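*Asks:* First the structure, which I've put down as structure tokens, then a few questions once you've had a look.
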Amino acid sequence: MSQASDATKGKLKIAIDPVTRIEGHLKAEVLVEGGKVVDAWLSGGMYRGFENILVGRDPRDAAQLTQRLCGVCPTAHSTASCRALDDAFEVKVTTNGRVTRNLIFGANYLQSHILHFYHLAALDFVRGPSKAPFVPRFPHPDLRLDEKTNAAAVDQYVKALEIRRICHEMVAMFGGKMPHISGQVAGGTTEIPTEEKLKEYASRFKVVQKFVSEVYVPTVYLIGSVYKDLFDVGRGYKNCMAYGVFPLDDEESEFLLKSGVYIDGKDEKFDSDLIREYVKYSWFDESCTDLHPSKGKTIPQVHKDGAYSFVKSSRYNKKPVEVGPLARMWVQNPDLSPMGRKQLKELFGIEATKFRDLGDMAFSIMGRHIARAEEAYIVANAIGDIWLKEVKPGEETYVKTNIPVSAEGLGLTEAPRGSLLHYINIKNSVTANYQLMPATLWNTNPRDDMGQRGPVEQALIGCPVPDESNPVNVSRIIRSFDP
Amino acid sequence: MSLTRRDFVKLCTGTVAGFGISQMFNPEIVHALKKFVPNCFWLQGQGCTGCSVSILNSVHPSIAEVLLEAINLDFHPTIMGCEGEQAFSYMFDQAKEQAGKYVLIIEGAVPVAEDGHFCVLGEIEHKDYTMLETTIKMAKDAALVVNVGTCSAYGGIPAAKGNLTESKSVGQVLAENGVKTPVVNIPGCPPHPDWMVGTLVVAINAIEQHGLEKGLAEVVKLLDDEGRPVPFYGKNIHDNCPYLDQFDQDNYADVFTDKSKCRYELGCKGPLSNSDCFKRKWNGGVNWCVENSVCLGCVEPGFPDEMSPFYEPC
Ligand code: SF4
Ligand code: SF4
């Protein structure tokens, strides 16, 4: 973190670079006045150029190459890419293929949420061992757990390492290996589940499900009760978007977590035509701005005046929208877990049955962690109650595909961290244009052409920074998004 | 007890017990490591964090044992407690103090176009540090540079055809800048946790036994022409594949879900790939790419360009 006095008196600009315990390279700058953040800028510091690398290749390669965008959620890129390819190749996945895809992706959802809470976010609330990589830390890190609870939380950190590894074993059972699965391709999945492998999957799943419902969910509420003020911090725009994930029928019209948009307090139907990307403040050529992904261009321009990020600004109907577990839970508004309801009553004195009963509390640092935990609970239940029952050992999971000479395909899904779009345009049987819009583009973007801050930038406004040498709440907000 | 090079080679290449996890790291070996605990710094360039996520899957020793007992991981952007300038300058300060003795672990490729500005890692006093500058600075004073993953080892996807960032492998960047620190490559997209942890264990053990310079020389002796430890990468996948009989009889599967025949026609790059996946398997031994689908050749310098199209025969 480095500080510089702003020309304006009484204002202080603080930079956090790198923001750690996230996936990727991110820098945050905030302007603090009177102990509160009054402005914020987020800068993505890396560009690799997958869009350009994909051009001219066999379209099927995209599902493998794009997974390598993110080692935490490769299954999400695999899913979005395969959905785009299925669309372009005009194939319909078999029932067993769809269910097996859900078993693969669902297991990585659990992995990702557990990794995020315990290994990326928890050190914002729990004092780790006094040893590298847990030290050094800010001198006054605002860690409030009593010694006993803290010790239990550290034990959970270690236990969670094992649980997330077991989740990866579940993914690999039908996905081949993790990170980066080989088992999902255009047309379905490559391995028909056998009775034996399903048993192994199920026995691992039991351990994970127990951890999710008996340890992860209650711990999030417990920690939240010690940091109650953080339910007021990190509000943001309160605009939410979700594409829908985990198809429940073969037409892929019903999803476990449905699609929808919530803007300015109103629910709307999601329409992918309304998506645009803007680059006024991003290090890309002006010709890349205000485009739908099907027209998308990715031409970097490192020294562009006024720009401050490699992240493009994605907008829905010109509005900044938050994506991720909070957005999905808000759009879906599911019943809260029994444990969640009980603890809300006991620890917070709140009677709540549905997610939206949390009201504004949901739009906060702690609200996002709760949304993630509640979602893990729902996905775990779906694995046990739906997909493990629906899957048919020995039944085909793959349909042969042909690469068309020319076609377009759109693949929408929800990565654990938020909405994910892949778009492919095929010409002469090779990839002519490929555009990717991961969750990071939705949440962690800079200002758009209209001057609106990105969702995380906006969530930082008002963030309390009582001690400028310890801007802990700034990073807590950023990490609550899993950027 | 301590592990000699011969033991190590034997353990890595010998038969694998149980359901396929290497049994090379028994608790005694972990215990033996407790004496010499090297400082390690982990940089991330143009990568996906997949190598970091993969090393978390280490079984024997567990990642908790590695972190809490085997090494001092002073810098790792994804798991360290600290952040911002404090974290970044801590890395440089510790490196200065440990000059000549620390291990630098690198994940991700190094873009050199635009003076390296396609990848900025952090700032100190308003000065940006690019991956390019940080890699050179940190590698100069390291005892050993360990490239985890195909991106840092050979350039990988960021350096594939069509890239605009002039991304390079760490070895290439260091050579071009006259840095002579020994380099070990642990390729794979991502590498198997055993390959990463195993190599670290061997390096630590060799240094513990023979002192820094001689120990490192022992490690370097284990490397093939591509800088990879032979015990992990010394065998061809195809030559050792359970489907080799089928291949020899020209029995090829033509759909992925047909598990009775060789995967060559589906695009398997096993014949081009050298690593022990066929024996070690992945994620607790539950599966591996060839049994599940096809090998993509992710451990080879030619990945991905020479391996694609992934689903056409090589
Ligand atoms: S081509 Fe692949 S599946 Fe066939 S024998 Fe060789 S490595 Fe095995
Ligand atoms: S089997 Fe091939 S693609 Fe899979 S990890 Fe091994 S070398 Fe990489």
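So you can find residues: chains in the structure tokens are A, B, ... in the order shown, residues in each start at 1, and ligands are numbered from 1 in order.
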Can you pull out the residues contacting A:Gly411? Cut-off 7 Å, using only C-alpha atoms, and skip same-chain residues under 4 positions away; I want them as a short mmCIF file (atom, residue, chain, number, x, y, z; two decimals) with all heavy atoms, in the first residue's frame.

*Replies:*
data_model
loop_
_atom_site.label_atom_id
_atom_site.label_comp_id
_atom_site.auth_asym_id
_atom_site.auth_seq_id
_atom_site.Cartn_x
_atom_site.Cartn_y
_atom_site.Cartn_z
N ALA A 80 -18.86 -22.89 -20.54
CA ALA A 80 -19.30 -21.82 -21.43
C ALA A 80 -18.84 -22.08 -22.86
O ALA A 80 -19.58 -21.90 -23.83
CB ALA A 80 -18.78 -20.47 -20.94
N SER A 81 -17.60 -22.54 -22.99
CA SER A 81 -17.05 -22.78 -24.31
C SER A 81 -17.78 -23.94 -25.00
O SER A 81 -18.16 -23.85 -26.17
CB SER A 81 -15.55 -23.09 -24.19
OG SER A 81 -14.97 -23.14 -25.45
N ARG A 83 -20.76 -24.94 -24.41
CA ARG A 83 -22.12 -24.50 -24.74
C ARG A 83 -22.11 -23.66 -26.02
O ARG A 83 -23.02 -23.80 -26.86
CB ARG A 83 -22.74 -23.71 -23.58
CG ARG A 83 -23.16 -24.59 -22.41
CD ARG A 83 -23.62 -23.77 -21.22
NE ARG A 83 -24.89 -23.09 -21.45
CZ ARG A 83 -26.08 -23.60 -21.18
NH1 ARG A 83 -26.17 -24.80 -20.67
NH2 ARG A 83 -27.17 -22.91 -21.41
N ALA A 84 -21.08 -22.82 -26.18
CA ALA A 84 -20.97 -22.03 -27.41
C ALA A 84 -20.73 -22.96 -28.61
O ALA A 84 -21.32 -22.78 -29.68
CB ALA A 84 -19.83 -21.01 -27.29
N LEU A 421 -19.62 -15.45 -20.35
CA LEU A 421 -20.10 -15.55 -21.72
C LEU A 421 -18.95 -15.90 -22.65
O LEU A 421 -17.87 -15.32 -22.55
CB LEU A 421 -20.72 -14.21 -22.14
CG LEU A 421 -21.23 -14.02 -23.57
CD1 LEU A 421 -22.35 -12.98 -23.58
CD2 LEU A 421 -20.14 -13.57 -24.54
N HIS A 422 -19.17 -16.88 -23.51
CA HIS A 422 -18.24 -17.17 -24.61
C HIS A 422 -19.01 -17.03 -25.92
O HIS A 422 -20.16 -17.46 -26.01
CB HIS A 422 -17.70 -18.60 -24.52
CG HIS A 422 -16.63 -18.78 -23.50
ND1 HIS A 422 -15.54 -19.59 -23.72
CD2 HIS A 422 -16.46 -18.29 -22.25
CE1 HIS A 422 -14.75 -19.59 -22.64
NE2 HIS A 422 -15.30 -18.81 -21.74
N TYR A 423 -18.36 -16.43 -26.87
CA TYR A 423 -18.99 -16.28 -28.18
C TYR A 423 -18.00 -16.72 -29.26
O TYR A 423 -16.82 -16.34 -29.22
CB TYR A 423 -19.38 -14.82 -28.42
CG TYR A 423 -19.74 -14.56 -29.88
CD1 TYR A 423 -21.01 -14.85 -30.36
CD2 TYR A 423 -18.77 -14.08 -30.77
CE1 TYR A 423 -21.31 -14.66 -31.70
CE2 TYR A 423 -19.07 -13.89 -32.11
CZ TYR A 423 -20.33 -14.18 -32.57
OH TYR A 423 -20.63 -14.01 -33.89
#

*Asks:* At a cut-off of 10 Å, can you tabulate as a Markdown table every residue of chain A near ligand 2 together with its closest atom pair and the distance in Å to one decimal, using only C-alpha atoms and all ligand atoms and ordering rows by chain then number?

*Replies:*
| residue | atom | partner | partner_atom_place_in_ligand_line | distance |
| --- | --- | --- | --- | --- |
| A:Gly176 | CA | ligand 2 | 4 (Fe) | 8.3 |
| A:Lys177 | CA | ligand 2 | 4 (Fe) | 7.6 |
| A:Met178 | CA | ligand 2 | 5 (S) | 9.4 |
| A:Pro179 | CA | ligand 2 | 5 (S) | 9.8 |
| A:His180 | CA | ligand 2 | 5 (S) | 9.1 |
| A:Ile181 | CA | ligand 2 | 4 (Fe) | 9.0 |
| A:Ser182 | CA | ligand 2 | 4 (Fe) | 7.9 |

*Asks:* How would you report the residues lying within 8 Å of ligand 1, as an MDAnalysis selection string, if you count only C-alpha atoms and all ligand atoms?

*Replies:* chainID B and resid 237:248 252 261:265 267:271 290:291 294:295

*Asks:* Given only C-alpha atoms as the basis, pick out the residue of A:Pro218, A:Pro18, A:Val430, A:Met46 nearest to B:Ser89.

*Replies:* A:Pro18

*Asks:* Rounded to one decimal place, report the atom CA of A:Gly324-atom CA of A:Ala371 distance in Å.

*Replies:*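 Atom CA of A:Gly324 sits 9.0 Å away from atom CA of A:Ala371.
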
*Asks:* Extract, using only C-alpha atoms, all DNA, RNA and protein residues at most 8 Å from B:Ile79, discarding same-chain residues fewer than 6 positions from it, and format them as a ChimeraX atom specification.

*Replies:* /A:20-21,119-120,133-134

*Asks:* Would you work out the distance separating atom CA of B:Arg280 from atom CA of A:Gln67, expressed in Å to one decimal?

*Replies:*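 Computed distance, atom CA of B:Arg280 to atom CA of A:Gln67, equals 22.9 Å.
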
*Asks:* Could you give me, as number ranges by chain, the residues within 7 Å of A:Arg447, counting only C-alpha atoms and dropping anything in the same chain fewer than 4 positions from it?

*Replies:* A: 281, 313, 451-454

*Asks:* Using only C-alpha atoms, which protein or nucleic acid residues come within 7 Å of A:Val331? Drop anything in the same chain fewer than 5 positions from it, and give the result as a list in words.

*Replies:*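 Residues near the query, excluding close chain neighbours: Gly260, Val261 and Tyr262 of chain A.
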
*Asks:* Limited to all heavy atoms, could you put the picked residues into a file as a PDB file, in the first residue's frame?

*Replies:*
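Writing the result to selection-v1.pdb gives the following:
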ATOM      1  N   GLY A 260     -31.772 -13.993 -14.757  1.00  0.00           N
ATOM      2  CA  GLY A 260     -32.599 -12.830 -14.493  1.00  0.00           C
ATOM      3  C   GLY A 260     -31.753 -11.603 -14.221  1.00  0.00           C
ATOM      4  O   GLY A 260     -30.536 -11.700 -14.051  1.00  0.00           O
ATOM      5  N   VAL A 261     -32.431 -10.474 -14.209  1.00  0.00           N
ATOM      6  CA  VAL A 261     -31.747  -9.208 -13.960  1.00  0.00           C
ATOM      7  C   VAL A 261     -32.567  -8.437 -12.936  1.00  0.00           C
ATOM      8  O   VAL A 261     -33.802  -8.497 -12.943  1.00  0.00           O
ATOM      9  CB  VAL A 261     -31.646  -8.371 -15.262  1.00  0.00           C
ATOM     10  CG1 VAL A 261     -30.729  -7.182 -15.061  1.00  0.00           C
ATOM     11  CG2 VAL A 261     -31.164  -9.220 -16.412  1.00  0.00           C
ATOM     12  N   TYR A 262     -31.870  -7.734 -12.065  1.00  0.00           N
ATOM     13  CA  TYR A 262     -32.529  -6.889 -11.068  1.00  0.00           C
ATOM     14  C   TYR A 262     -31.854  -5.522 -11.156  1.00  0.00           C
ATOM     15  O   TYR A 262     -30.678  -5.388 -10.798  1.00  0.00           O
ATOM     16  CB  TYR A 262     -32.358  -7.523  -9.693  1.00  0.00           C
ATOM     17  CG  TYR A 262     -32.928  -6.740  -8.540  1.00  0.00           C
ATOM     18  CD1 TYR A 262     -34.260  -6.902  -8.143  1.00  0.00           C
ATOM     19  CD2 TYR A 262     -32.127  -5.846  -7.810  1.00  0.00           C
ATOM     20  CE1 TYR A 262     -34.777  -6.200  -7.064  1.00  0.00           C
ATOM     21  CE2 TYR A 262     -32.639  -5.137  -6.729  1.00  0.00           C
ATOM     22  CZ  TYR A 262     -33.960  -5.314  -6.358  1.00  0.00           C
ATOM     23  OH  TYR A 262     -34.461  -4.620  -5.283  1.00  0.00           O
TER      24      TYR A 262
END

*Asks:* So, with only C-alpha atoms as the atoms that count, which of A:Met361, A:Leu347, A:Val399, A:Ala202 lies closest to chain B?

*Replies:* A:Val399

*Asks:* Using DSSP assignments from the backbone, pull out every residue in stretch 110-299 of chain B that falls under strand (DSSP E or B) and give it to me as a PyMOL selection string.

*Replies:* chain B and resi 110-111+119-124+127-130+144-148+167-168+183-186+223+229+236+252+262+274+282+287

*Asks:* Would you kindly return, as a list in words, each protein, DNA or RNA residue with an atom no farther than 7 Å from any atom of stretch 295-300 of chain A, considering only C-alpha atoms and excluding same-chain residues fewer than 4 positions away?

*Replies:*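 Near neighbours after the sequence-gap exclusion: Glu51, Trp283, Phe284, Asp285, Cys288, Leu291 and Gln435 of chain A.
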
*Asks:* Produce a file of the selected residues containing N, CA and C atoms, as a PDB file, in the first residue's frame.

*Replies:*
ATOM      1  N   GLU A  51      -8.233 -13.976 -26.964  1.00  0.00           N
ATOM      2  CA  GLU A  51      -9.089 -13.760 -28.140  1.00  0.00           C
ATOM      3  C   GLU A  51      -8.250 -13.849 -29.417  1.00  0.00           C
ATOM      4  N   TRP A 283      -7.234  -0.092 -21.477  1.00  0.00           N
ATOM      5  CA  TRP A 283      -6.121  -0.028 -22.424  1.00  0.00           C
ATOM      6  C   TRP A 283      -6.430  -0.797 -23.716  1.00  0.00           C
ATOM      7  N   PHE A 284      -7.491  -0.354 -24.388  1.00  0.00           N
ATOM      8  CA  PHE A 284      -7.832  -0.946 -25.678  1.00  0.00           C
ATOM      9  C   PHE A 284      -8.187   0.173 -26.652  1.00  0.00           C
ATOM     10  N   ASP A 285      -8.026  -0.134 -27.924  1.00  0.00           N
ATOM     11  CA  ASP A 285      -8.311   0.842 -28.967  1.00  0.00           C
ATOM     12  C   ASP A 285      -9.781   1.274 -28.929  1.00  0.00           C
ATOM     13  N   CYS A 288     -12.889  -0.584 -30.115  1.00  0.00           N
ATOM     14  CA  CYS A 288     -13.433  -1.752 -29.404  1.00  0.00           C
ATOM     15  C   CYS A 288     -14.609  -1.364 -28.509  1.00  0.00           C
ATOM     16  N   LEU A 291     -19.600  -2.275 -28.065  1.00  0.00           N
ATOM     17  CA  LEU A 291     -19.880  -3.391 -28.965  1.00  0.00           C
ATOM     18  C   LEU A 291     -20.518  -4.550 -28.213  1.00  0.00           C
ATOM     19  N   GLN A 435     -14.914 -14.268 -28.452  1.00  0.00           N
ATOM     20  CA  GLN A 435     -14.936 -13.244 -27.418  1.00  0.00           C
ATOM     21  C   GLN A 435     -15.303 -13.869 -26.085  1.00  0.00           C
TER      22      GLN A 435
END

*Asks:* Go through B:Glu125, B:Asp115, B:Glu69, B:Glu306 one by one, measure the shortest atom-to-atom distance of each to chain A using only C-alpha atoms, and give the residue with the smallest value.

*Replies:* B:Glu125

*Asks:* Hey, what's within 7 Å of B:Pro309 if we count only C-alpha atoms and toss same-chain stuff fewer than 3 positions away? As a list of chain:residue names, please?

*Replies:*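 Non-adjacent residues within range: A:Asp58, A:Asp61, B:Glu312.
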